[in-house]
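**Student:** Got a structure here, written out as structure tokens. Questions coming.
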Amino acid sequence: MLDKMTAAPAEKSAPVRIEKLSAVKGMNDILPVDSARWEWLEDKVRVLMGRYAYQNIRTPILEHTQLFVRGIGEVTDIVEKEMYSFEDRSDKNGEHDHLTMRPENTASVVRAVTEHNLLYNGGKRLYYMGPMFRRERPQRGRYRQFHQIGAEALGFAGPEADAELILLAAALWKELGLSDWRLELNSLGQPEERAQHRAQLILHLEKHYELLDEEARRRLHSNPLRILDTKNPAMKPVVDSAPRLIDFLGPRSLAHFEGLKAILNANGIAWTLNHRLVRGLDYYNLTVFEFVTDRLGAQGTICAGGRYDDLIAQMGGKPAPAVGWALGVERVLELIKEEGAFQASPVPDAYAVIPDASDLPLVMKTLQALRGAGVSVLMHASASLDGMGSMKSQLKRADSSGARFALIFGATELSEGKVAVKSLRCDKTGSASPEQQLHRLDDAVAWASLLLINPPA
Ligand code: ATP
Ligand code: MG
């Protein structure tokens, strides 16, 4: 297999051409310059989820294909054409599993909650973060491995759960310094109400059959609601004039929607009603919503969610209502680059200059003590076995590392049981700190706080 892919097949003696190694299309490395922003976002999310008392859940990347086919719905973009699925190797009996790399996480969460009977004593509020996989055409804001952060409230029927989730997302935007977003809401009602709407919708679409694009024609009878979600501008007149779901809702569905809107209004969360908002997945009912920005071009939806009261029962669990959202981490990070509050990560407090390799055991013992006291230390290490490099070249590295101090473990200092601490930067007031101070190696904890950029309060 490998040979076929890498060797030139033509002549026997042809040299084997090794392709330059590169990542799979649509799947990105997240390198240190960006990963600091990722970690910052993840830290903010953890703190905020804690404040709303949402607990973390981590489900496997691989699930049985059937989970997504049943959970997401057969006539959806994801199941029709976007899943990474494969047959696992056979087990002893010659049987094999059909597995899929998760394209989204709600179905998995529902599976886990049902499998472990998590709702046995009431509702659960859960959140997750992690990679999802969809075989889409890669473009800005659309990748084949992308990441979602999601929150799910399971076992709660009232609009307060929907509202809490939306308030949580709005609080997250605030924490991240994002203000250029809008919230779009719709209600899909209950299945019976949707069935009535669906009949009228199909009639309307049939009347304008000549204006429908190929995809809409294909979906006309299998999933007509999804046609409202079209991104094809040519279809705008047809979908704009289509019957509106909201007009088919009964009093209970309307009351649920009103309940949600009242809580959002009381909390100063602006929203707009979008009659065409139906969401791409089959399992939603009542509330659906999206947070959208105009700053990211075509891929402007940063977070999307809704209620899925029938999904748990549909997946074989004890019936329980639920609501949730998922945000696209890459898109949110793009927006943070544009207008967010992210500050570059702090540089190390100190750089350890070690001219003589034979001193490493003693030096590294001191560095361990400093790190134990909270100091971030970047230790000089050599690229060769021929020595540590000159003092001059090490100091140059110390300077370019951005560290505030150099810890110089020179022969003279070490012979006195000391290390020289040299300031490499001016302090915040602009006045230079004393050039160089000597400190004892055996009581590093006592002077460690002098090195801290942000000393603990
Ligand atoms: P879209 O209409 O953009 O395809 P979707 O309806 O398929 O979105 P969801 O399944 O609701 O998206 O996923 C929630 C969020 O995850 C989206 O709003 C988006 O921010 C993000 N997302 C979805 N697919 C991708 C992808 N391929 N690459 C990056 N982010 C994505
Ligand atoms: Mg999609």
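Ordering of the structure tokens sets the chain letters (A, B, ...); residue numbers start at 1 within each chain; ligands are numbered from 1 in the order shown.
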Report as a ChimeraX atom specification which protein, DNA and RNA residues come within 8 Å of ligand 1, using only C-alpha atoms and all ligand atoms.
**Tutor:** /A:77-78,103-104,133-136,138,141-148,279-281,290-291,299-305,325-332
**Student:** May I have the selected residues written with N, CA and C atoms, as a CSV table (one decimal), in the first residue's frame?
**Tutor:**
```
chain,number,residue,atom,x,y,z
A,77,ASP,N,-26.9,17.1,5.2
A,77,ASP,CA,-25.6,17.3,4.5
A,77,ASP,C,-24.6,16.3,5.2
A,78,ILE,N,-24.6,16.4,6.5
A,78,ILE,CA,-23.5,15.6,7.2
A,78,ILE,C,-23.6,14.1,6.9
A,103,PRO,N,-18.9,13.8,13.6
A,103,PRO,CA,-19.0,15.1,12.8
A,103,PRO,C,-19.6,16.2,13.7
A,104,GLU,N,-20.2,15.8,14.9
A,104,GLU,CA,-20.7,16.7,15.9
A,104,GLU,C,-20.9,15.9,17.1
A,133,PHE,N,-15.2,16.1,12.7
A,133,PHE,CA,-14.7,15.8,11.4
A,133,PHE,C,-15.8,15.8,10.3
A,134,ARG,N,-15.6,16.6,9.3
A,134,ARG,CA,-16.6,16.6,8.2
A,134,ARG,C,-15.9,16.8,6.9
A,135,ARG,N,-16.2,16.0,5.9
A,135,ARG,CA,-15.5,16.1,4.6
A,135,ARG,C,-16.2,17.1,3.8
A,136,GLU,N,-15.9,18.4,4.1
A,136,GLU,CA,-16.4,19.5,3.3
A,136,GLU,C,-15.3,20.1,2.4
A,138,PRO,N,-12.7,22.6,1.9
A,138,PRO,CA,-12.0,23.5,2.8
A,138,PRO,C,-12.0,24.9,2.3
A,141,GLY,N,-12.9,29.4,7.4
A,141,GLY,CA,-13.9,29.1,8.4
A,141,GLY,C,-14.6,27.7,8.2
A,142,ARG,N,-14.1,26.9,7.3
A,142,ARG,CA,-14.7,25.6,7.0
A,142,ARG,C,-13.5,24.6,6.8
A,143,TYR,N,-13.4,23.7,7.7
A,143,TYR,CA,-12.3,22.8,7.6
A,143,TYR,C,-12.8,21.3,7.8
A,144,ARG,N,-11.9,20.4,7.5
A,144,ARG,CA,-12.3,19.0,7.6
A,144,ARG,C,-12.1,18.4,9.0
A,145,GLN,N,-11.1,18.9,9.7
A,145,GLN,CA,-11.1,18.7,11.2
A,145,GLN,C,-11.2,20.1,11.7
A,146,PHE,N,-12.3,20.3,12.5
A,146,PHE,CA,-12.5,21.6,13.1
A,146,PHE,C,-12.9,21.3,14.6
A,147,HIS,N,-13.1,22.4,15.3
A,147,HIS,CA,-13.3,22.2,16.8
A,147,HIS,C,-14.6,22.8,17.2
A,148,GLN,N,-15.2,22.2,18.1
A,148,GLN,CA,-16.4,22.8,18.7
A,148,GLN,C,-16.3,22.8,20.2
A,279,ARG,N,-31.9,25.3,10.8
A,279,ARG,CA,-30.8,24.5,11.3
A,279,ARG,C,-30.7,23.2,10.4
A,280,GLY,N,-29.4,22.8,10.3
A,280,GLY,CA,-29.1,21.7,9.3
A,280,GLY,C,-29.4,20.3,9.8
A,281,LEU,N,-29.7,20.2,11.1
A,281,LEU,CA,-29.8,18.8,11.6
A,281,LEU,C,-31.3,18.5,11.9
A,290,GLU,N,-29.1,31.1,16.3
A,290,GLU,CA,-27.7,31.2,15.8
A,290,GLU,C,-27.1,32.5,16.2
A,291,PHE,N,-25.9,32.5,16.6
A,291,PHE,CA,-25.1,33.8,16.8
A,291,PHE,C,-24.3,34.0,15.5
A,299,GLN,N,-18.8,32.5,6.1
A,299,GLN,CA,-18.9,31.5,7.2
A,299,GLN,C,-19.2,32.3,8.5
A,300,GLY,N,-20.3,33.0,8.6
A,300,GLY,CA,-20.5,34.0,9.7
A,300,GLY,C,-21.2,33.4,10.9
A,301,THR,N,-21.7,32.2,10.9
A,301,THR,CA,-22.3,31.6,12.1
A,301,THR,C,-21.3,31.1,13.0
A,302,ILE,N,-21.2,31.7,14.2
A,302,ILE,CA,-20.2,31.3,15.2
A,302,ILE,C,-20.7,30.3,16.2
A,303,CYS,N,-22.0,30.3,16.4
A,303,CYS,CA,-22.6,29.4,17.4
A,303,CYS,C,-24.0,29.1,17.0
A,304,ALA,N,-24.4,27.8,17.1
A,304,ALA,CA,-25.8,27.5,16.7
A,304,ALA,C,-26.3,26.4,17.6
A,305,GLY,N,-27.6,26.5,17.8
A,305,GLY,CA,-28.2,25.5,18.7
A,305,GLY,C,-29.7,25.4,18.7
A,325,TRP,N,-26.2,24.0,22.4
A,325,TRP,CA,-25.6,24.8,21.3
A,325,TRP,C,-24.1,24.3,21.1
A,326,ALA,N,-23.6,24.6,20.0
A,326,ALA,CA,-22.2,24.3,19.7
A,326,ALA,C,-21.6,25.5,19.0
A,327,LEU,N,-20.4,25.9,19.4
A,327,LEU,CA,-19.7,27.0,18.7
A,327,LEU,C,-18.5,26.5,18.0
A,328,GLY,N,-18.3,27.2,16.9
A,328,GLY,CA,-17.1,26.8,16.0
A,328,GLY,C,-15.9,27.5,16.5
A,329,VAL,N,-14.9,26.8,17.1
A,329,VAL,CA,-13.8,27.4,17.8
A,329,VAL,C,-13.0,28.2,16.8
A,330,GLU,N,-12.7,27.6,15.6
A,330,GLU,CA,-11.9,28.4,14.6
A,330,GLU,C,-12.5,29.7,14.2
A,331,ARG,N,-13.8,29.7,14.0
A,331,ARG,CA,-14.5,31.0,13.7
A,331,ARG,C,-14.5,32.0,14.8
A,332,VAL,N,-14.7,31.5,16.0
A,332,VAL,CA,-14.6,32.4,17.2
A,332,VAL,C,-13.2,33.0,17.3
```
**Student:** I'd like to know which of A:Val33, A:Leu249, A:Leu172, A:Val238 is closest to A:Leu188, using only C-alpha atoms.
**Tutor:**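 Distance minimum relative to A:Leu188 lands on A:Leu249.
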**Student:** Could you pull out the helix (DSSP H, G or I) residues of stretch 290-352 of chain A from DSSP and send them as a PyMOL selection string?
**Tutor:** chain A and resi 311-314+329-339
**Student:** Applying 9 Å and only C-alpha atoms, which residues near A:Gly259 remain after dropping the ones on its own chain fewer than 4 positions away? List them as a PyMOL selection string.
**Tutor:** chain A and resi 158-160+163+254-255+263-264
**Student:** Expressed in Å to a single decimal, how great is the separation between atom CA of A:Arg102 and atom CA of A:His64?
**Tutor:**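 For atom CA of A:Arg102 relative to atom CA of A:His64, the distance reads 9.3 Å.
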**Student:** Can you tell me which residues surround A:Leu277 at a distance of at most 10 Å, considering only C-alpha atoms, apart from same-chain residues fewer than 5 positions away, and format the answer as an NGL selection string?
**Tutor:** :A and (184-188 or 225-226 or 228-230 or 245 or 288-290)
**Student:** Since we have the selection now, will you write its residues out, keeping N, CA, C and O atoms, as a short mmCIF file (atom, residue, chain, number, x, y, z; two decimals), in the first residue's frame?
**Tutor:**
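Just written: selection.cif:
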```cif
data_model
loop_
_atom_site.label_atom_id
_atom_site.label_comp_id
_atom_site.auth_asym_id
_atom_site.auth_seq_id
_atom_site.Cartn_x
_atom_site.Cartn_y
_atom_site.Cartn_z
N GLU A 184 -30.01 35.39 16.21
CA GLU A 184 -31.22 35.12 15.42
C GLU A 184 -31.97 33.96 16.06
O GLU A 184 -31.37 32.96 16.45
N LEU A 185 -33.29 34.14 16.17
CA LEU A 185 -34.13 33.14 16.83
C LEU A 185 -35.22 32.68 15.89
O LEU A 185 -35.67 33.41 15.01
N ASN A 186 -35.68 31.46 16.10
CA ASN A 186 -36.91 30.99 15.46
C ASN A 186 -37.47 29.88 16.33
O ASN A 186 -36.80 29.37 17.22
N SER A 187 -38.73 29.54 16.10
CA SER A 187 -39.27 28.36 16.77
C SER A 187 -39.80 27.41 15.71
O SER A 187 -40.54 27.83 14.81
N LEU A 188 -39.40 26.16 15.81
CA LEU A 188 -39.84 25.15 14.83
C LEU A 188 -41.10 24.44 15.30
O LEU A 188 -41.58 23.54 14.62
N LEU A 225 -38.00 21.40 4.71
CA LEU A 225 -37.67 22.48 5.64
C LEU A 225 -36.25 23.01 5.39
O LEU A 225 -35.98 24.20 5.47
N ARG A 226 -35.36 22.07 5.06
CA ARG A 226 -33.97 22.45 4.82
C ARG A 226 -33.81 23.40 3.63
O ARG A 226 -32.84 24.12 3.52
N LEU A 228 -35.42 25.97 3.12
CA LEU A 228 -35.49 27.35 3.63
C LEU A 228 -34.11 27.86 4.03
O LEU A 228 -33.86 29.06 4.09
N ASP A 229 -33.22 26.94 4.33
CA ASP A 229 -31.88 27.25 4.83
C ASP A 229 -30.88 27.44 3.68
O ASP A 229 -29.68 27.54 3.89
N THR A 230 -31.39 27.49 2.45
CA THR A 230 -30.50 27.51 1.27
C THR A 230 -29.55 28.70 1.29
O THR A 230 -29.88 29.78 1.81
N LEU A 245 -43.26 29.05 9.56
CA LEU A 245 -43.51 28.07 10.64
C LEU A 245 -44.27 28.68 11.81
O LEU A 245 -45.18 28.08 12.36
N VAL A 288 -34.86 27.37 17.99
CA VAL A 288 -33.56 27.25 17.31
C VAL A 288 -32.94 28.65 17.29
O VAL A 288 -33.66 29.65 17.27
N PHE A 289 -31.62 28.70 17.34
CA PHE A 289 -30.96 30.02 17.36
C PHE A 289 -29.57 29.93 16.76
O PHE A 289 -28.97 28.85 16.70
N GLU A 290 -29.09 31.08 16.31
CA GLU A 290 -27.72 31.18 15.81
C GLU A 290 -27.14 32.52 16.23
O GLU A 290 -27.84 33.53 16.21
#
```
**Student:** Would you mind reading off the distance between atom CA of A:Arg125 and atom CA of A:Ala107, one decimal, in Å?
**Tutor:**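 Atom-to-atom, atom CA of A:Arg125 to atom CA of A:Ala107, that is 15.2 Å.
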**Student:** Can you list every residue in stretch 72-174 of chain A that DSSP puts in strand (DSSP E or B), as a PyMOL selection string?
**Tutor:** chain A and resi 84-87+98-101+124-133+139+142+145-154
**Student:** Taking N, CA, C and O atoms for each residue, export the selection above as a short mmCIF file (atom, residue, chain, number, x, y, z; two decimals), in the first residue's frame.
**Tutor:**
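In the end it all went to part33.cif:
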```cif
data_model
loop_
_atom_site.label_atom_id
_atom_site.label_comp_id
_atom_site.auth_asym_id
_atom_site.auth_seq_id
_atom_site.Cartn_x
_atom_site.Cartn_y
_atom_site.Cartn_z
N TYR A 84 -16.68 10.92 7.78
CA TYR A 84 -15.53 10.03 7.61
C TYR A 84 -15.89 8.71 8.27
O TYR A 84 -15.86 8.58 9.49
N SER A 85 -16.26 7.75 7.44
CA SER A 85 -16.69 6.45 7.96
C SER A 85 -15.82 5.36 7.39
O SER A 85 -15.28 5.49 6.29
N PHE A 86 -15.68 4.29 8.13
CA PHE A 86 -14.91 3.15 7.62
C PHE A 86 -15.34 1.87 8.33
O PHE A 86 -15.98 1.92 9.38
N GLU A 87 -15.00 0.77 7.69
CA GLU A 87 -15.26 -0.52 8.31
C GLU A 87 -14.05 -0.90 9.14
O GLU A 87 -12.93 -0.89 8.64
N HIS A 98 -19.02 -0.77 11.73
CA HIS A 98 -18.99 0.41 10.86
C HIS A 98 -18.83 1.61 11.78
O HIS A 98 -19.68 1.88 12.61
N LEU A 99 -17.70 2.30 11.62
CA LEU A 99 -17.38 3.39 12.55
C LEU A 99 -17.30 4.72 11.82
O LEU A 99 -17.02 4.78 10.62
N THR A 100 -17.53 5.80 12.57
CA THR A 100 -17.48 7.15 12.00
C THR A 100 -16.79 8.08 12.98
O THR A 100 -17.00 7.99 14.20
N MET A 101 -15.93 8.95 12.43
CA MET A 101 -15.31 9.98 13.27
C MET A 101 -16.37 11.06 13.50
O MET A 101 -16.94 11.58 12.54
N LYS A 124 -29.28 17.26 33.70
CA LYS A 124 -27.82 17.42 33.72
C LYS A 124 -27.43 18.55 32.79
O LYS A 124 -27.99 18.69 31.69
N ARG A 125 -26.49 19.34 33.24
CA ARG A 125 -25.93 20.39 32.38
C ARG A 125 -24.49 20.01 32.06
O ARG A 125 -23.69 19.84 32.97
N LEU A 126 -24.20 19.87 30.78
CA LEU A 126 -22.89 19.35 30.36
C LEU A 126 -22.25 20.26 29.32
O LEU A 126 -22.95 20.95 28.59
N TYR A 127 -20.91 20.24 29.27
CA TYR A 127 -20.23 20.93 28.17
C TYR A 127 -19.07 20.07 27.68
O TYR A 127 -18.59 19.19 28.38
N TYR A 128 -18.67 20.34 26.45
CA TYR A 128 -17.55 19.59 25.86
C TYR A 128 -16.71 20.53 24.99
O TYR A 128 -17.18 21.60 24.61
N MET A 129 -15.50 20.10 24.71
CA MET A 129 -14.65 20.81 23.73
C MET A 129 -13.91 19.73 22.96
O MET A 129 -13.47 18.76 23.56
N GLY A 130 -13.73 19.93 21.67
CA GLY A 130 -12.91 18.95 20.96
C GLY A 130 -13.10 18.97 19.47
O GLY A 130 -13.93 19.70 18.93
N PRO A 131 -12.29 18.14 18.77
CA PRO A 131 -12.33 18.11 17.31
C PRO A 131 -13.53 17.35 16.76
O PRO A 131 -13.99 16.38 17.35
N MET A 132 -14.04 17.84 15.64
CA MET A 132 -15.11 17.19 14.87
C MET A 132 -14.60 17.04 13.45
O MET A 132 -13.69 17.78 13.03
N PHE A 133 -15.20 16.13 12.69
CA PHE A 133 -14.67 15.80 11.37
C PHE A 133 -15.78 15.78 10.33
O PHE A 133 -16.76 15.05 10.48
N GLN A 139 -12.29 25.85 3.12
CA GLN A 139 -12.24 27.27 2.78
C GLN A 139 -12.18 28.04 4.10
O GLN A 139 -12.23 27.40 5.16
N ARG A 142 -14.07 26.93 7.26
CA ARG A 142 -14.67 25.62 7.00
C ARG A 142 -13.53 24.61 6.77
O ARG A 142 -12.80 24.72 5.79
N GLN A 145 -11.11 18.91 9.72
CA GLN A 145 -11.07 18.75 11.18
C GLN A 145 -11.24 20.14 11.75
O GLN A 145 -10.42 21.02 11.48
N PHE A 146 -12.31 20.32 12.48
CA PHE A 146 -12.52 21.62 13.13
C PHE A 146 -12.89 21.33 14.57
O PHE A 146 -12.98 20.17 14.98
N HIS A 147 -13.08 22.37 15.34
CA HIS A 147 -13.29 22.17 16.77
C HIS A 147 -14.56 22.85 17.23
O HIS A 147 -14.88 23.94 16.79
N GLN A 148 -15.24 22.16 18.09
CA GLN A 148 -16.44 22.76 18.67
C GLN A 148 -16.33 22.78 20.19
O GLN A 148 -15.72 21.91 20.80
N ILE A 149 -16.95 23.81 20.76
CA ILE A 149 -17.22 23.83 22.19
C ILE A 149 -18.73 23.82 22.27
O ILE A 149 -19.39 24.58 21.56
N GLY A 150 -19.28 22.92 23.07
CA GLY A 150 -20.74 22.81 23.11
C GLY A 150 -21.24 22.74 24.53
O GLY A 150 -20.52 22.34 25.45
N ALA A 151 -22.49 23.15 24.71
CA ALA A 151 -23.14 23.06 26.01
C ALA A 151 -24.52 22.44 25.81
O ALA A 151 -25.21 22.77 24.84
N GLU A 152 -24.89 21.53 26.67
CA GLU A 152 -26.17 20.83 26.54
C GLU A 152 -26.84 20.81 27.92
O GLU A 152 -26.19 20.50 28.92
N ALA A 153 -28.13 21.13 27.95
CA ALA A 153 -28.91 21.01 29.18
C ALA A 153 -29.96 19.93 28.94
O ALA A 153 -30.88 20.13 28.14
N LEU A 154 -29.79 18.79 29.59
CA LEU A 154 -30.65 17.63 29.29
C LEU A 154 -31.59 17.36 30.46
O LEU A 154 -31.17 17.40 31.63
#
```
**Student:** Separation of atom CA of A:Ala169 and atom CA of A:Ala341, in Å?
**Tutor:**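 Value for the atom CA of A:Ala169-atom CA of A:Ala341 distance: 16.2 Å.
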**Student:** Using only C-alpha atoms, find the one residue out of A:Asp294, A:Asp240, A:Asp442, A:Glu80 that sits nearest to A:Val363.
**Tutor:**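 Counting only C-alpha atoms, the residue closest to A:Val363 is A:Asp442.
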